[in-house]
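Asker: Compact mmCIF, N, CA and C atoms, saved as run_2.txt, coming up:
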# COMPACT_ATOMS: atom_id res chain seq x y z
N MET A 1 9.69 3.71 -21.57
CA MET A 1 8.90 4.56 -20.71
C MET A 1 9.81 5.55 -19.99
N ALA A 2 9.21 6.57 -19.48
CA ALA A 2 9.97 7.63 -18.81
C ALA A 2 10.17 7.32 -17.34
N VAL A 3 11.29 7.78 -16.81
CA VAL A 3 11.58 7.65 -15.40
C VAL A 3 11.10 8.92 -14.70
N GLU A 4 10.33 8.74 -13.64
CA GLU A 4 9.75 9.86 -12.91
C GLU A 4 10.39 9.97 -11.53
N ARG A 5 10.50 11.20 -11.02
CA ARG A 5 10.94 11.43 -9.64
C ARG A 5 9.69 11.54 -8.79
N VAL A 6 9.59 10.68 -7.76
CA VAL A 6 8.41 10.62 -6.92
C VAL A 6 8.80 10.94 -5.49
N ARG A 7 7.95 11.69 -4.80
CA ARG A 7 8.20 12.02 -3.39
C ARG A 7 8.04 10.75 -2.55
N CYS A 8 9.01 10.49 -1.69
CA CYS A 8 9.01 9.29 -0.87
C CYS A 8 8.13 9.49 0.37
N PRO A 9 7.37 8.48 0.77
CA PRO A 9 6.52 8.62 1.95
C PRO A 9 7.27 8.70 3.27
N CYS A 10 8.58 8.46 3.28
CA CYS A 10 9.35 8.48 4.53
C CYS A 10 9.64 9.89 5.03
N ARG A 11 9.41 10.89 4.20
CA ARG A 11 9.68 12.29 4.55
C ARG A 11 11.15 12.51 4.91
N ALA A 12 12.03 12.00 4.06
CA ALA A 12 13.49 12.18 4.14
C ALA A 12 14.11 11.54 5.38
N ASN A 13 13.62 10.39 5.78
CA ASN A 13 14.20 9.65 6.90
C ASN A 13 15.42 8.88 6.41
N PRO A 14 16.59 9.04 7.04
CA PRO A 14 17.80 8.37 6.56
C PRO A 14 17.74 6.84 6.69
N GLU A 15 16.80 6.28 7.44
CA GLU A 15 16.66 4.83 7.57
C GLU A 15 15.98 4.20 6.36
N CYS A 16 15.38 5.01 5.52
CA CYS A 16 14.62 4.51 4.36
C CYS A 16 15.56 3.90 3.32
N LYS A 17 15.24 2.67 2.89
CA LYS A 17 16.05 2.02 1.86
C LYS A 17 15.56 2.36 0.46
N LEU A 18 14.42 3.01 0.34
CA LEU A 18 13.89 3.38 -0.97
C LEU A 18 14.58 4.62 -1.52
N CYS A 19 14.67 5.67 -0.71
CA CYS A 19 15.28 6.92 -1.17
C CYS A 19 16.61 7.23 -0.48
N GLY A 20 16.92 6.52 0.60
CA GLY A 20 18.16 6.77 1.32
C GLY A 20 18.19 8.10 2.05
N GLY A 21 17.02 8.66 2.31
CA GLY A 21 16.94 9.94 3.01
C GLY A 21 16.92 11.15 2.10
N SER A 22 16.88 10.94 0.79
CA SER A 22 16.89 12.08 -0.15
C SER A 22 15.50 12.66 -0.40
N ASN A 23 14.44 11.99 0.06
CA ASN A 23 13.05 12.42 -0.05
C ASN A 23 12.44 12.16 -1.43
N TYR A 24 13.21 11.72 -2.41
CA TYR A 24 12.69 11.39 -3.74
C TYR A 24 13.32 10.10 -4.22
N TYR A 25 12.57 9.33 -4.99
CA TYR A 25 13.12 8.13 -5.61
C TYR A 25 12.69 8.10 -7.07
N ASP A 26 13.44 7.37 -7.87
CA ASP A 26 13.13 7.23 -9.29
C ASP A 26 12.18 6.05 -9.49
N TYR A 27 11.17 6.26 -10.33
CA TYR A 27 10.21 5.20 -10.63
C TYR A 27 9.97 5.19 -12.13
N GLU A 28 10.16 4.02 -12.73
CA GLU A 28 9.91 3.88 -14.16
C GLU A 28 8.51 3.33 -14.36
N VAL A 29 7.68 4.11 -15.01
CA VAL A 29 6.29 3.72 -15.25
C VAL A 29 6.27 2.59 -16.27
N GLY A 30 5.63 1.48 -15.91
CA GLY A 30 5.58 0.32 -16.78
C GLY A 30 4.44 0.40 -17.78
N PRO A 31 4.28 -0.63 -18.58
CA PRO A 31 3.21 -0.64 -19.59
C PRO A 31 1.81 -0.67 -18.96
N ARG A 32 1.71 -1.12 -17.71
CA ARG A 32 0.40 -1.15 -17.04
C ARG A 32 0.18 0.07 -16.17
N GLY A 33 1.10 1.03 -16.21
CA GLY A 33 0.94 2.27 -15.46
C GLY A 33 1.64 2.25 -14.12
N TRP A 34 1.11 3.04 -13.18
CA TRP A 34 1.70 3.19 -11.85
C TRP A 34 1.18 2.07 -10.96
N LEU A 35 2.05 1.16 -10.57
CA LEU A 35 1.64 0.02 -9.76
C LEU A 35 2.34 0.04 -8.40
N PRO A 36 1.62 -0.33 -7.33
CA PRO A 36 2.26 -0.43 -6.02
C PRO A 36 3.31 -1.54 -6.03
N PHE A 37 4.33 -1.38 -5.18
CA PHE A 37 5.36 -2.39 -5.08
C PHE A 37 5.69 -2.63 -3.61
N THR A 38 6.32 -3.76 -3.32
CA THR A 38 6.67 -4.14 -1.95
C THR A 38 7.69 -3.16 -1.39
N CYS A 39 7.48 -2.77 -0.15
CA CYS A 39 8.36 -1.81 0.52
C CYS A 39 9.76 -2.42 0.67
N PRO A 40 10.81 -1.74 0.20
CA PRO A 40 12.15 -2.30 0.33
C PRO A 40 12.72 -2.21 1.75
N THR A 41 12.20 -1.33 2.58
CA THR A 41 12.73 -1.17 3.93
C THR A 41 12.31 -2.32 4.83
N CYS A 42 11.03 -2.69 4.80
CA CYS A 42 10.54 -3.76 5.67
C CYS A 42 10.33 -5.08 4.92
N GLY A 43 10.43 -5.06 3.60
CA GLY A 43 10.22 -6.28 2.82
C GLY A 43 8.78 -6.75 2.82
N GLY A 44 7.84 -5.85 3.11
CA GLY A 44 6.43 -6.19 3.13
C GLY A 44 5.93 -6.67 4.48
N SER A 45 6.79 -6.71 5.49
CA SER A 45 6.37 -7.21 6.80
C SER A 45 5.68 -6.14 7.65
N ARG A 46 5.70 -4.90 7.22
CA ARG A 46 5.04 -3.77 7.87
C ARG A 46 5.73 -3.25 9.13
N VAL A 47 6.71 -3.96 9.63
CA VAL A 47 7.45 -3.51 10.82
C VAL A 47 8.94 -3.66 10.57
N VAL A 48 9.71 -2.86 11.30
CA VAL A 48 11.17 -2.91 11.23
C VAL A 48 11.67 -3.31 12.61
N PRO A 49 12.48 -4.35 12.70
CA PRO A 49 12.99 -4.74 14.01
C PRO A 49 13.90 -3.65 14.56
N ASP A 50 13.77 -3.39 15.85
CA ASP A 50 14.58 -2.36 16.49
C ASP A 50 15.99 -2.91 16.72
N ALA A 51 16.96 -2.01 16.86
CA ALA A 51 18.35 -2.41 17.06
C ALA A 51 18.53 -3.16 18.37
N ALA A 52 17.82 -2.75 19.41
CA ALA A 52 17.91 -3.44 20.69
C ALA A 52 17.11 -4.74 20.61
N ALA A 53 17.66 -5.81 21.11
CA ALA A 53 17.02 -7.13 21.01
C ALA A 53 15.73 -7.21 21.80
N ASP A 54 15.64 -6.51 22.94
CA ASP A 54 14.45 -6.62 23.78
C ASP A 54 13.36 -5.62 23.41
N ALA A 55 13.62 -4.70 22.48
CA ALA A 55 12.63 -3.69 22.10
C ALA A 55 11.63 -4.30 21.10
N PRO A 56 10.39 -3.89 21.18
CA PRO A 56 9.40 -4.40 20.21
C PRO A 56 9.65 -3.81 18.83
N PRO A 57 9.25 -4.52 17.78
CA PRO A 57 9.42 -3.96 16.44
C PRO A 57 8.56 -2.71 16.27
N ARG A 58 9.03 -1.79 15.44
CA ARG A 58 8.29 -0.55 15.24
C ARG A 58 7.78 -0.46 13.80
N GLU A 59 6.82 0.42 13.60
CA GLU A 59 6.21 0.60 12.27
C GLU A 59 7.26 1.06 11.27
N CYS A 60 7.18 0.54 10.07
CA CYS A 60 8.13 0.88 9.01
C CYS A 60 8.05 2.37 8.67
N VAL A 61 9.20 3.01 8.50
CA VAL A 61 9.24 4.44 8.22
C VAL A 61 8.88 4.75 6.76
N THR A 62 9.06 3.78 5.88
CA THR A 62 8.79 4.03 4.46
C THR A 62 7.33 3.83 4.10
N CYS A 63 6.76 2.68 4.44
CA CYS A 63 5.39 2.38 4.03
C CYS A 63 4.36 2.72 5.09
N ARG A 64 4.79 3.18 6.26
CA ARG A 64 3.90 3.55 7.37
C ARG A 64 3.00 2.38 7.78
N GLY A 65 3.55 1.16 7.73
CA GLY A 65 2.83 -0.02 8.18
C GLY A 65 1.89 -0.63 7.17
N GLU A 66 1.99 -0.26 5.90
CA GLU A 66 1.11 -0.82 4.88
C GLU A 66 1.72 -2.02 4.17
N GLY A 67 3.04 -2.13 4.15
CA GLY A 67 3.70 -3.24 3.49
C GLY A 67 4.01 -3.00 2.03
N HIS A 68 3.45 -1.96 1.45
CA HIS A 68 3.72 -1.62 0.06
C HIS A 68 3.78 -0.10 -0.11
N VAL A 69 4.36 0.32 -1.21
CA VAL A 69 4.47 1.75 -1.55
C VAL A 69 3.71 1.96 -2.84
N ASP A 70 2.84 2.96 -2.87
CA ASP A 70 2.04 3.27 -4.05
C ASP A 70 2.58 4.55 -4.68
N PRO A 71 3.32 4.46 -5.79
CA PRO A 71 3.88 5.67 -6.41
C PRO A 71 2.81 6.57 -7.03
N ALA A 72 1.61 6.06 -7.26
CA ALA A 72 0.54 6.87 -7.82
C ALA A 72 -0.10 7.76 -6.77
N ASN A 73 0.22 7.54 -5.50
CA ASN A 73 -0.37 8.32 -4.42
C ASN A 73 0.74 8.81 -3.47
N PRO A 74 1.63 9.68 -3.95
CA PRO A 74 2.72 10.15 -3.09
C PRO A 74 2.19 11.13 -2.04
N PRO A 75 2.91 11.28 -0.93
CA PRO A 75 2.46 12.25 0.08
C PRO A 75 2.53 13.66 -0.46
N GLN A 76 1.61 14.49 -0.02
CA GLN A 76 1.58 15.89 -0.46
C GLN A 76 2.51 16.72 0.39
N LEU A 77 2.88 17.86 -0.12
CA LEU A 77 3.70 18.79 0.63
C LEU A 77 2.93 19.32 1.82
N GLU A 78 3.64 19.55 2.91
CA GLU A 78 3.00 20.14 4.08
C GLU A 78 2.73 21.61 3.75
N THR A 79 1.48 21.99 3.71
CA THR A 79 1.14 23.37 3.40
C THR A 79 0.35 23.98 4.54
N THR A 80 0.48 25.26 4.68
CA THR A 80 -0.31 25.96 5.67
C THR A 80 -1.50 26.60 4.97
N GLY A 81 -2.42 27.09 5.71
CA GLY A 81 -3.58 27.73 5.11
C GLY A 81 -4.87 27.22 5.71
N GLY A 82 -4.84 25.99 6.22
CA GLY A 82 -6.00 25.44 6.90
C GLY A 82 -7.29 25.51 6.11
N PHE A 83 -8.24 26.28 6.63
CA PHE A 83 -9.57 26.36 6.07
C PHE A 83 -9.56 26.94 4.66
N LEU A 84 -8.77 27.98 4.42
CA LEU A 84 -8.73 28.58 3.09
C LEU A 84 -8.17 27.61 2.06
N ARG A 85 -7.17 26.83 2.44
CA ARG A 85 -6.61 25.84 1.53
C ARG A 85 -7.63 24.76 1.21
N MET A 86 -8.41 24.35 2.21
CA MET A 86 -9.44 23.35 2.01
C MET A 86 -10.50 23.86 1.03
N ILE A 87 -10.94 25.10 1.19
CA ILE A 87 -11.93 25.71 0.29
C ILE A 87 -11.36 25.81 -1.14
N TRP A 88 -10.10 26.18 -1.25
CA TRP A 88 -9.46 26.29 -2.56
C TRP A 88 -9.49 24.93 -3.25
N ARG A 89 -9.19 23.86 -2.53
CA ARG A 89 -9.21 22.51 -3.11
C ARG A 89 -10.60 22.11 -3.55
N VAL A 90 -11.61 22.49 -2.80
CA VAL A 90 -12.99 22.14 -3.14
C VAL A 90 -13.38 22.77 -4.47
N PHE A 91 -13.07 24.05 -4.64
CA PHE A 91 -13.50 24.75 -5.85
C PHE A 91 -12.55 24.64 -7.03
N PHE A 92 -11.25 24.53 -6.79
CA PHE A 92 -10.29 24.56 -7.88
C PHE A 92 -9.45 23.29 -8.00
N GLY A 93 -9.61 22.33 -7.07
CA GLY A 93 -8.82 21.11 -7.13
C GLY A 93 -7.42 21.33 -6.60
N GLY A 94 -6.70 20.30 -6.48
CA GLY A 94 -5.30 20.42 -6.08
C GLY A 94 -5.09 20.00 -4.73
Translate this structure into structure tokens?
Answerer:
Amino acid sequence: MAVERVRCPCRANPECKLCGGSNYYDYEVGPRGWLPFTCPTCGGSRVVPDAAADAPPRECVTCRGEGHVDPANPPQLETTGGFLRMIWRVFFGG
């Protein structure tokens, strides 16, 4: 199968263990297609312990608190255009 470059949901955060802050990671599509996998940053726990011992744990930067990463649904690029972009998507997709 082919190896694909997928946009990471962390948005280039250097704390991310999936992409290491590069904003893209390699994903090899298996025989069953694009399957979600356990987040490597939080290990599926949905939170990352803070460096300070007395601070509460915070939401994982990679999976955004979901516990898994879905390569079939990568985050979209931040685009401007607002209403016109929304209308374009309705009629032409994308």
Asker: What is the atom N of Val3 of chain A-atom CA of Thr62 of chain A distance in Å, reported with one decimal?
Answerer: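 Value for the atom N of Val3 of chain A-atom CA of Thr62 of chain A distance: 21.7 Å.
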Asker: Pick the closest to Val61 of chain A from A:Leu84, A:Leu35, A:Cys8, A:Val29: which is it, counting all atoms listed in the file?
Answerer: A:Cys8
Asker: Please provide the set of residues having any atom within 8 Å of Ser22 of chain A, restricted to all atoms listed in the file, with same-chain residues fewer than 3 positions apart removed, written as a count of residues only.
Answerer: 10
Asker: Could you jot down the atom C of Val48 of chain A to atom N of His68 of chain A separation for me, Å, one decimal place?
Answerer: 13.9 Å
Asker: Between A:Glu4, A:Glu15, A:Glu28, A:Asp54, single out the one closest to Pro40 of chain A, counting only C-alpha atoms.
Answerer: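 Ranking A:Glu4, A:Glu15, A:Glu28, A:Asp54 by distance to Pro40 of chain A, first place goes to A:Glu15.
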Asker: Which residue out of A:Val47, A:Val69, A:Met86, A:Cys42 has the minimum interatomic distance to Pro9 of chain A when all atoms listed in the file are used?
Answerer: A:Val69
Asker: When you count only C-alpha atoms, which of these residues is closest to Asn73 of chain A: A:Gly44, A:Asn23, A:Pro36, A:Pro31?
Answerer: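 Nearest to Asn73 of chain A: A:Pro36.
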Asker: Can you list, as a ChimeraX atom specification, all residues belonging to chain A that DSSP tags as strand (DSSP E or B)?
Answerer: /A:3-7,24-28,30,33,37-38,47-48,58-59,68-69
Asker: Segment 15-26 of chain A, all listed atoms, 4 Å padding on each side: what axis-aligned box centre and edge lengths in Å to one decimal come out, as AutoDock Vina command-line options?
Answerer:
--center_x 15.2 --center_y 7.3 --center_z -1.0 --size_x 14.0 --size_y 18.6 --size_z 25.1
Asker: Have a look at atom N of Thr38 of chain A and atom N of Gly21 of chain A and let me know their distance in Å, one decimal.
Answerer: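 For atom N of Thr38 of chain A relative to atom N of Gly21 of chain A, the distance reads 17.3 Å.
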Asker: Return the single residue from A:Arg46, A:Arg89, A:Ala2, A:Gly82 that is closest to Cys63 of chain A, with distances computed using all atoms listed in the file.
Answerer: A:Arg46
Asker: In chain A, what's helix (DSSP H, G or I) per DSSP? Answer as a PyMOL selection string?
Answerer: chain A and resi 83-92
Asker: Next, dump the selected residues to file, keeping only N, CA and C atoms, as a PDB file, keeping the file's coordinate frame.
Answerer:
ATOM      1  N   PHE A  83      -8.240  26.280   6.630  1.00  0.00           N
ATOM      2  CA  PHE A  83      -9.570  26.360   6.070  1.00  0.00           C
ATOM      3  C   PHE A  83      -9.560  26.940   4.660  1.00  0.00           C
ATOM      4  N   LEU A  84      -8.770  27.980   4.420  1.00  0.00           N
ATOM      5  CA  LEU A  84      -8.730  28.580   3.090  1.00  0.00           C
ATOM      6  C   LEU A  84      -8.170  27.610   2.060  1.00  0.00           C
ATOM      7  N   ARG A  85      -7.170  26.830   2.440  1.00  0.00           N
ATOM      8  CA  ARG A  85      -6.610  25.840   1.530  1.00  0.00           C
ATOM      9  C   ARG A  85      -7.630  24.760   1.210  1.00  0.00           C
ATOM     10  N   MET A  86      -8.410  24.350   2.210  1.00  0.00           N
ATOM     11  CA  MET A  86      -9.440  23.350   2.010  1.00  0.00           C
ATOM     12  C   MET A  86     -10.500  23.860   1.030  1.00  0.00           C
ATOM     13  N   ILE A  87     -10.940  25.100   1.190  1.00  0.00           N
ATOM     14  CA  ILE A  87     -11.930  25.710   0.290  1.00  0.00           C
ATOM     15  C   ILE A  87     -11.360  25.810  -1.140  1.00  0.00           C
ATOM     16  N   TRP A  88     -10.100  26.180  -1.250  1.00  0.00           N
ATOM     17  CA  TRP A  88      -9.460  26.290  -2.560  1.00  0.00           C
ATOM     18  C   TRP A  88      -9.490  24.930  -3.250  1.00  0.00           C
ATOM     19  N   ARG A  89      -9.190  23.860  -2.530  1.00  0.00           N
ATOM     20  CA  ARG A  89      -9.210  22.510  -3.110  1.00  0.00           C
ATOM     21  C   ARG A  89     -10.600  22.110  -3.550  1.00  0.00           C
ATOM     22  N   VAL A  90     -11.610  22.490  -2.800  1.00  0.00           N
ATOM     23  CA  VAL A  90     -12.990  22.140  -3.140  1.00  0.00           C
ATOM     24  C   VAL A  90     -13.380  22.770  -4.470  1.00  0.00           C
ATOM     25  N   PHE A  91     -13.070  24.050  -4.640  1.00  0.00           N
ATOM     26  CA  PHE A  91     -13.500  24.750  -5.850  1.00  0.00           C
ATOM     27  C   PHE A  91     -12.550  24.640  -7.030  1.00  0.00           C
ATOM     28  N   PHE A  92     -11.250  24.530  -6.790  1.00  0.00           N
ATOM     29  CA  PHE A  92     -10.290  24.560  -7.880  1.00  0.00           C
ATOM     30  C   PHE A  92      -9.450  23.290  -8.000  1.00  0.00           C
TER      31      PHE A  92
END
